[in-house]
Amino acid sequence: MGIWSVLRSLALCVCALTAVSVSAQEKTGIKEGFSLKPGTARIVLMRPTVRVGEQSTGGLFEPNADWTTQAREHIVAELAKVQRVLGNVVIDYDEGMAGEAALVSQYRNLFGSVADSVIEYQFFPGNRLPTKKQDKKRFEWSMGPGMASLESLDGADYLLFINTHDAYGSTGRKALQIVGLLAGVSVVSGEHTGHAGLVDARTGELVWLNADKQMGGDVRTPEGAAKRVAQLLEGFPGRTEGESQ
Amino acid sequence: VRSLLKSAAMALAAAAAPLSAAQTDYTLPPYTPAYEPRTVDERGAWMQADEYERAMQQSPLLVTDEGLKAYVRRVLCETVGHDRCDSVRIYVLESPHFNASMMANGVMAVNTGLLLRVRSEAELGSVLGHEFAHFEMRHILEDFKNRRGASDALAWVAMLGGISGTDTSSSQMLLLGSIYSFSRTQETQADLLGFKYLAASSYPSTASAEVWANLMAEQDATATGRKRKARHSYNAGFSDSHPTDLKRAAYLAKAAREVGDTGDDPRVTGHYEAMRPMLPRLLHSQVRMHDFGGTEYILGSIARMTGWTGELLFARGEMYQLRGNPRDFVTASQFYRQAIAQGFAPPVAHRNLGISLLKAGAASEAQPELATYLQLAPDATDASVIKALIAK
């Protein structure tokens, strides 16, 4: 363990003690003029990234295997259930015999970086890059056209990426929060973030991104996971009427 | 409030007190194979490690050379024994830095920079044994628990100190220090268990201390190359995660004297044979670390074992060409020439020789080398540039 991880956790402690909630954050971006007509596209769902655990008193993430397994099962089941309201065919990614797992995992990492950049430099007005300030409606992000040549994505029109991270406040963290409340120091207990994004498989363009730093729904239960998935897919382009939420 | 905080901090610091130096029993503890995680924390740590392993399997840094992979596994098994090594998954990663690491779930990651620096199977076994010891003693989980405990206490100390208007900076420093001293204690424990594996194996246990002595010598060479003075202190600094190399070399050498198994063969040739197919690649990334003194030291210590082979001479030429003083191009040309004469003559050797000769002002000698390069690699991406150089 290096000095950086300790400094980072310390910084977390300090941040937590002085945190101001970010409420002016935007949550959704869609490429200008983009629309997805029901029944026209084939969407490939990449393996969702799910991390669930507790937040220690000092703010460290404590991974919990049982909760993560539960959450993954519930979220995947719920995604399968809501597919019919997404208006298009959604299939799970399958590497098949292409031998492209390494490359595809690089694209998953790249999506994570691009999504983080959108959240940091476009959704958060205080950090907005100059080129993103001129026209607030403009949503212009891309992962490059390289994916078009992947054999395992043959026939795919769009890729759907899902990412959730939950750290439930531990008893100690909640106690610290209460004492902080009495003392007038703001302590954030629990962290629930997630994002979902749709990428054009041929051009690599990010056509839709939905990100939330304060998500609802307890992903450890089927009902909570249903609420979370509904939140993640809020504003999904081309969805049909008659959804359950 | 203040005394309460102080005692809490002191209790934590005491929990992380360094282990006693007196250690004379070198027999191996019994081992339980097929270990499964038990507590909530441990299952969480394993799950996280499983995710890392998944990512590591797809890493572009992953070395695919079957011979090298099999070699590293053989050395681990030779060191810790088959009952211990069989469950370990080893991933060799292409990174020029000296490092190896162990995850909670039994994943061992080994950098190629480590392979380049150790000088025998025994030295490699010593480092791999150290890493395996972290796994056998469940150190990753314990370290996480310790960090959590200390940061929990830090949060309360900061909060209560703020409320009561007490200056808690010294308690906070104590807690922070306890995180590092705990980590150093674990490293020493892993050194000693790793040493026991080596003592019980067919390798000489003196190799453990030699790893650290060798690393210090490299640091000296790096410092000299950068016109600085190397300093080796015996005591670790406040925020050091490991004991100093000097201290490790000292206590491991003492242990080796007590065991007295100096007669075993450290097996030098096997190590260099296994590394040979990838050696040019590993040397190439080492040269690009821009560490002239350190790289020269590494090349020298390999050459002491294998002689100056074409691969080593070529890397030496690259070192000088990269540094790029006017005189360096003359030296680089000589080394490239010797490499080619020794039979290491890929197209790039002719190209680099040609370019070095050009920069050294020997254009007429450079022309045929560049022409040979184009002949051997007509489709090279820089072919048009080289053609232009010849035309001048």
# chains A, B, ... in the order shown; residues from 1 in each chain; ligands from 1
$ residues_around --residues "Ala109 in chain B" --least-positions-apart "4" --cutoff "8 Å" --atoms "only C-alpha atoms" --output "JSON, numbers by chain"
{"B": [90, 91, 92, 93, 100, 101, 102]}
$ write_last_selection --atoms "all heavy atoms" --output "PDB file, in the first residue's frame"
ATOM      1  N   ILE B  90      -0.335 -17.319 -11.610  1.00  0.00           N
ATOM      2  CA  ILE B  90       0.740 -16.345 -11.824  1.00  0.00           C
ATOM      3  C   ILE B  90       0.485 -15.568 -13.108  1.00  0.00           C
ATOM      4  O   ILE B  90       0.175 -16.165 -14.135  1.00  0.00           O
ATOM      5  CB  ILE B  90       2.114 -17.045 -11.935  1.00  0.00           C
ATOM      6  CG1 ILE B  90       2.378 -17.883 -10.676  1.00  0.00           C
ATOM      7  CG2 ILE B  90       3.224 -16.028 -12.133  1.00  0.00           C
ATOM      8  CD1 ILE B  90       3.654 -18.693 -10.743  1.00  0.00           C
ATOM      9  N   TYR B  91       0.585 -14.252 -13.033  1.00  0.00           N
ATOM     10  CA  TYR B  91       0.475 -13.406 -14.224  1.00  0.00           C
ATOM     11  C   TYR B  91       1.777 -12.619 -14.368  1.00  0.00           C
ATOM     12  O   TYR B  91       2.131 -11.849 -13.487  1.00  0.00           O
ATOM     13  CB  TYR B  91      -0.712 -12.436 -14.095  1.00  0.00           C
ATOM     14  CG  TYR B  91      -2.035 -13.169 -14.022  1.00  0.00           C
ATOM     15  CD1 TYR B  91      -2.593 -13.524 -12.793  1.00  0.00           C
ATOM     16  CD2 TYR B  91      -2.715 -13.531 -15.173  1.00  0.00           C
ATOM     17  CE1 TYR B  91      -3.788 -14.222 -12.715  1.00  0.00           C
ATOM     18  CE2 TYR B  91      -3.911 -14.220 -15.119  1.00  0.00           C
ATOM     19  CZ  TYR B  91      -4.446 -14.566 -13.887  1.00  0.00           C
ATOM     20  OH  TYR B  91      -5.628 -15.258 -13.826  1.00  0.00           O
ATOM     21  N   VAL B  92       2.475 -12.852 -15.469  1.00  0.00           N
ATOM     22  CA  VAL B  92       3.704 -12.099 -15.723  1.00  0.00           C
ATOM     23  C   VAL B  92       3.317 -10.866 -16.536  1.00  0.00           C
ATOM     24  O   VAL B  92       2.681 -10.980 -17.586  1.00  0.00           O
ATOM     25  CB  VAL B  92       4.743 -12.947 -16.481  1.00  0.00           C
ATOM     26  CG1 VAL B  92       6.024 -12.152 -16.677  1.00  0.00           C
ATOM     27  CG2 VAL B  92       5.031 -14.230 -15.716  1.00  0.00           C
ATOM     28  N   LEU B  93       3.643  -9.693 -16.020  1.00  0.00           N
ATOM     29  CA  LEU B  93       3.243  -8.441 -16.663  1.00  0.00           C
ATOM     30  C   LEU B  93       4.462  -7.710 -17.189  1.00  0.00           C
ATOM     31  O   LEU B  93       5.493  -7.642 -16.506  1.00  0.00           O
ATOM     32  CB  LEU B  93       2.508  -7.540 -15.657  1.00  0.00           C
ATOM     33  CG  LEU B  93       1.245  -8.140 -15.044  1.00  0.00           C
ATOM     34  CD1 LEU B  93       0.703  -7.230 -13.951  1.00  0.00           C
ATOM     35  CD2 LEU B  93       0.187  -8.364 -16.112  1.00  0.00           C
ATOM     36  N   ALA B 100       6.762  -7.278  -7.626  1.00  0.00           N
ATOM     37  CA  ALA B 100       5.861  -8.427  -7.710  1.00  0.00           C
ATOM     38  C   ALA B 100       4.821  -8.195  -6.635  1.00  0.00           C
ATOM     39  O   ALA B 100       5.078  -7.489  -5.667  1.00  0.00           O
ATOM     40  CB  ALA B 100       6.612  -9.727  -7.449  1.00  0.00           C
ATOM     41  N   SER B 101       3.616  -8.732  -6.821  1.00  0.00           N
ATOM     42  CA  SER B 101       2.595  -8.487  -5.801  1.00  0.00           C
ATOM     43  C   SER B 101       1.679  -9.684  -5.674  1.00  0.00           C
ATOM     44  O   SER B 101       1.641 -10.559  -6.536  1.00  0.00           O
ATOM     45  CB  SER B 101       1.788  -7.237  -6.149  1.00  0.00           C
ATOM     46  OG  SER B 101       1.203  -7.399  -7.422  1.00  0.00           O
ATOM     47  N   MET B 102       0.966  -9.722  -4.573  1.00  0.00           N
ATOM     48  CA  MET B 102       0.097 -10.852  -4.270  1.00  0.00           C
ATOM     49  C   MET B 102      -1.281 -10.303  -3.928  1.00  0.00           C
ATOM     50  O   MET B 102      -1.395  -9.298  -3.235  1.00  0.00           O
ATOM     51  CB  MET B 102       0.680 -11.574  -3.057  1.00  0.00           C
ATOM     52  CG  MET B 102       0.137 -12.947  -2.831  1.00  0.00           C
ATOM     53  SD  MET B 102       0.884 -14.154  -3.965  1.00  0.00           S
ATOM     54  CE  MET B 102      -0.401 -15.370  -4.011  1.00  0.00           C
TER      55      MET B 102
END
$ closest_atom_pairs --of "chain B" --to "chain A" --cutoff "9 Å" --atoms "only C-alpha atoms" --output "CSV"
residue,atom,partner,partner_atom,distance
B:Val40,CA,A:Asn64,CA,6.5
B:Asp41,CA,A:Asn64,CA,6.9
B:Glu42,CA,A:Asn64,CA,8.8
B:Arg43,CA,A:Ala65,CA,5.7
B:Gly44,CA,A:Asn64,CA,4.4
B:Ala45,CA,A:Pro63,CA,6.5
B:Trp46,CA,A:Ala65,CA,8.0
B:Met47,CA,A:Ala65,CA,5.7
B:Gln48,CA,A:Pro63,CA,6.9
B:Ala55,CA,A:Ser105,CA,7.6
B:Gln57,CA,A:Ala102,CA,7.8
B:Gln58,CA,A:Ala102,CA,4.3
B:Ser59,CA,A:Ala102,CA,6.4
B:Pro60,CA,A:Ala102,CA,7.1
B:Asp143,CA,A:Met1,CA,8.6
B:Phe144,CA,A:Glu62,CA,9.0
B:Arg147,CA,A:Val6,CA,8.1
B:Arg148,CA,A:Leu60,CA,6.6
B:Gly149,CA,A:Gly58,CA,8.2
B:Ala150,CA,A:Gly58,CA,8.2
B:Ser151,CA,A:Gly58,CA,4.7
B:Asp152,CA,A:Gly58,CA,4.1
B:Ala153,CA,A:Gly58,CA,7.3
B:Leu154,CA,A:Gly58,CA,6.9
B:Ala155,CA,A:Gly58,CA,5.2
B:Trp156,CA,A:Leu176,CA,7.2
B:Ala158,CA,A:Val14,CA,8.9
B:Met159,CA,A:Gly180,CA,7.2
B:Leu160,CA,A:Val179,CA,8.8
B:Gly162,CA,A:Ala183,CA,8.7
B:Ile163,CA,A:Ala183,CA,6.4
B:Leu176,CA,A:Val6,CA,8.3
B:Ile179,CA,A:Val6,CA,8.4
B:Tyr180,CA,A:Ile3,CA,8.6
B:Ser183,CA,A:Met1,CA,7.7
B:Ser239,CA,A:Ile3,CA,6.7
B:Asp240,CA,A:Ile3,CA,7.9
B:Ser241,CA,A:Gly2,CA,6.6
$ write_last_selection --atoms "C-alpha atoms" --output "PDB file, in the first residue's frame"
ATOM      1  CA  VAL B  40     -17.651 -10.769   5.380  1.00  0.00           C
ATOM      2  CA  ASP B  41     -14.487  -8.675   5.034  1.00  0.00           C
ATOM      3  CA  GLU B  42     -12.519 -11.577   3.665  1.00  0.00           C
ATOM      4  CA  ARG B  43     -15.154 -12.577   1.127  1.00  0.00           C
ATOM      5  CA  GLY B  44     -15.312  -8.943   0.017  1.00  0.00           C
ATOM      6  CA  ALA B  45     -11.546  -8.795  -0.389  1.00  0.00           C
ATOM      7  CA  TRP B  46     -11.578 -12.002  -2.452  1.00  0.00           C
ATOM      8  CA  MET B  47     -14.413 -10.766  -4.626  1.00  0.00           C
ATOM      9  CA  GLN B  48     -12.531  -7.544  -5.341  1.00  0.00           C
ATOM     10  CA  ALA B  55      -9.173  -7.468 -15.665  1.00  0.00           C
ATOM     11  CA  GLN B  57      -6.446 -11.692 -17.729  1.00  0.00           C
ATOM     12  CA  GLN B  58      -7.363  -9.156 -20.414  1.00  0.00           C
ATOM     13  CA  SER B  59      -4.461  -6.807 -19.777  1.00  0.00           C
ATOM     14  CA  PRO B  60      -2.359  -5.762 -22.768  1.00  0.00           C
ATOM     15  CA  ASP B 143      -3.668  -4.643   6.174  1.00  0.00           C
ATOM     16  CA  PHE B 144      -7.114  -3.520   5.008  1.00  0.00           C
ATOM     17  CA  ARG B 147      -6.126   0.817   7.573  1.00  0.00           C
ATOM     18  CA  ARG B 148      -9.854   0.834   8.239  1.00  0.00           C
ATOM     19  CA  GLY B 149      -9.315   0.833  12.012  1.00  0.00           C
ATOM     20  CA  ALA B 150      -6.805   3.666  11.819  1.00  0.00           C
ATOM     21  CA  SER B 151      -8.904   5.779   9.447  1.00  0.00           C
ATOM     22  CA  ASP B 152     -12.032   5.198  11.594  1.00  0.00           C
ATOM     23  CA  ALA B 153     -10.094   6.414  14.622  1.00  0.00           C
ATOM     24  CA  LEU B 154      -8.740   9.334  12.591  1.00  0.00           C
ATOM     25  CA  ALA B 155     -12.271  10.388  11.653  1.00  0.00           C
ATOM     26  CA  TRP B 156     -13.384  10.360  15.306  1.00  0.00           C
ATOM     27  CA  ALA B 158     -10.703  14.852  13.949  1.00  0.00           C
ATOM     28  CA  MET B 159     -14.422  15.184  14.738  1.00  0.00           C
ATOM     29  CA  LEU B 160     -14.142  15.150  18.535  1.00  0.00           C
ATOM     30  CA  GLY B 162     -12.929  19.821  16.352  1.00  0.00           C
ATOM     31  CA  ILE B 163     -15.894  19.830  18.726  1.00  0.00           C
ATOM     32  CA  LEU B 176      -1.161   7.689  10.400  1.00  0.00           C
ATOM     33  CA  ILE B 179      -0.652   2.442   9.209  1.00  0.00           C
ATOM     34  CA  TYR B 180       2.890   2.471   7.812  1.00  0.00           C
ATOM     35  CA  SER B 183       2.769  -2.435   6.729  1.00  0.00           C
ATOM     36  CA  SER B 239       5.731   6.923   5.510  1.00  0.00           C
ATOM     37  CA  ASP B 240       7.732   3.948   4.186  1.00  0.00           C
ATOM     38  CA  SER B 241       5.593   0.891   3.466  1.00  0.00           C
TER      39      SER B 241
END
$ residues_around --residues "Tyr71 in chain B" --least-positions-apart "6" --cutoff "9 Å" --atoms "only C-alpha atoms" --output "CSV table (one decimal) with C-alpha atoms, in the first residue's frame"
chain,number,residue,atom,x,y,z
B,270,GLY,CA,18.3,-21.7,-16.1
B,271,HIS,CA,17.3,-18.2,-15.3
B,274,ALA,CA,14.2,-18.8,-19.7
B,275,MET,CA,14.5,-15.1,-20.2
$ atom_distance --atom1 "CA of His195 in chain A" --atom2 "CA of Ser152 in chain A"
24.0 Å
$ select_by_dssp --residues "range 69-167 of chain B" --states "alpha helix (DSSP H)" --output "PyMOL selection string"
chain B and resi 69-80+82-85+112-117+121-136+139-164
$ atom_distance --atom1 "CA of Tyr197 in chain B" --atom2 "CA of Pro29 in chain B"
9.8 Å
$ residues_around --residues "Arg72 in chain A" --least-positions-apart "5" --cutoff "12 Å" --atoms "only C-alpha atoms" --output "ChimeraX atom specification"
/A:47-52,65-67,77-79,162-166,219-222,225-226,228-229
$ residues_around --residues "Arg73 in chain B" --least-positions-apart "5" --cutoff "10 Å" --atoms "only C-alpha atoms" --output "PDB file with C-alpha atoms, in the first residue's frame"
ATOM      1  CA  LEU B  68       8.781 -17.731 -19.467  1.00  0.00           C
ATOM      2  CA  GLU B  78      10.705 -25.238  -6.336  1.00  0.00           C
ATOM      3  CA  THR B  79      10.779 -22.587  -3.594  1.00  0.00           C
ATOM      4  CA  CYS B  85       2.214 -23.386  -5.201  1.00  0.00           C
ATOM      5  CA  ASP B  86      -0.458 -25.351  -7.059  1.00  0.00           C
ATOM      6  CA  VAL B  88      -1.497 -19.860  -7.207  1.00  0.00           C
ATOM      7  CA  ARG B  89      -2.321 -18.162 -10.519  1.00  0.00           C
ATOM      8  CA  ILE B  90       0.740 -16.345 -11.824  1.00  0.00           C
ATOM      9  CA  TYR B  91       0.475 -13.406 -14.224  1.00  0.00           C
ATOM     10  CA  GLY B 125      12.515 -17.757  -5.737  1.00  0.00           C
ATOM     11  CA  LEU B 128       8.259 -15.081  -5.169  1.00  0.00           C
TER      12      LEU B 128
END
$ residues_around --residues "range 243-253 of chain B" --least-positions-apart "2" --cutoff "6 Å" --atoms "only C-alpha atoms" --output "list of chain:residue names"
B:Arg184, B:Ala209, B:Trp212, B:Tyr234, B:Ala236, B:Ala255, B:Ala256
$ closest_residue --among "A:Pro125, A:Gly33, A:Gly112, A:Gly169" --to "Ser142 in chain A" --atoms "only C-alpha atoms"
A:Gly112
$ closest_residue --among "B:Leu374, B:Val287, B:Leu175, B:Leu28" --to "Glu318 in chain B" --atoms "only C-alpha atoms"
B:Val287
$ residues_around --residues "His192 in chain A" --least-positions-apart "5" --cutoff "9 Å" --atoms "only C-alpha atoms" --output "list in words"
Thr164, His165, Asp166, Ala167, Tyr168, Asp212, Lys213, Gln214, Met215 and Gly216 of chain A
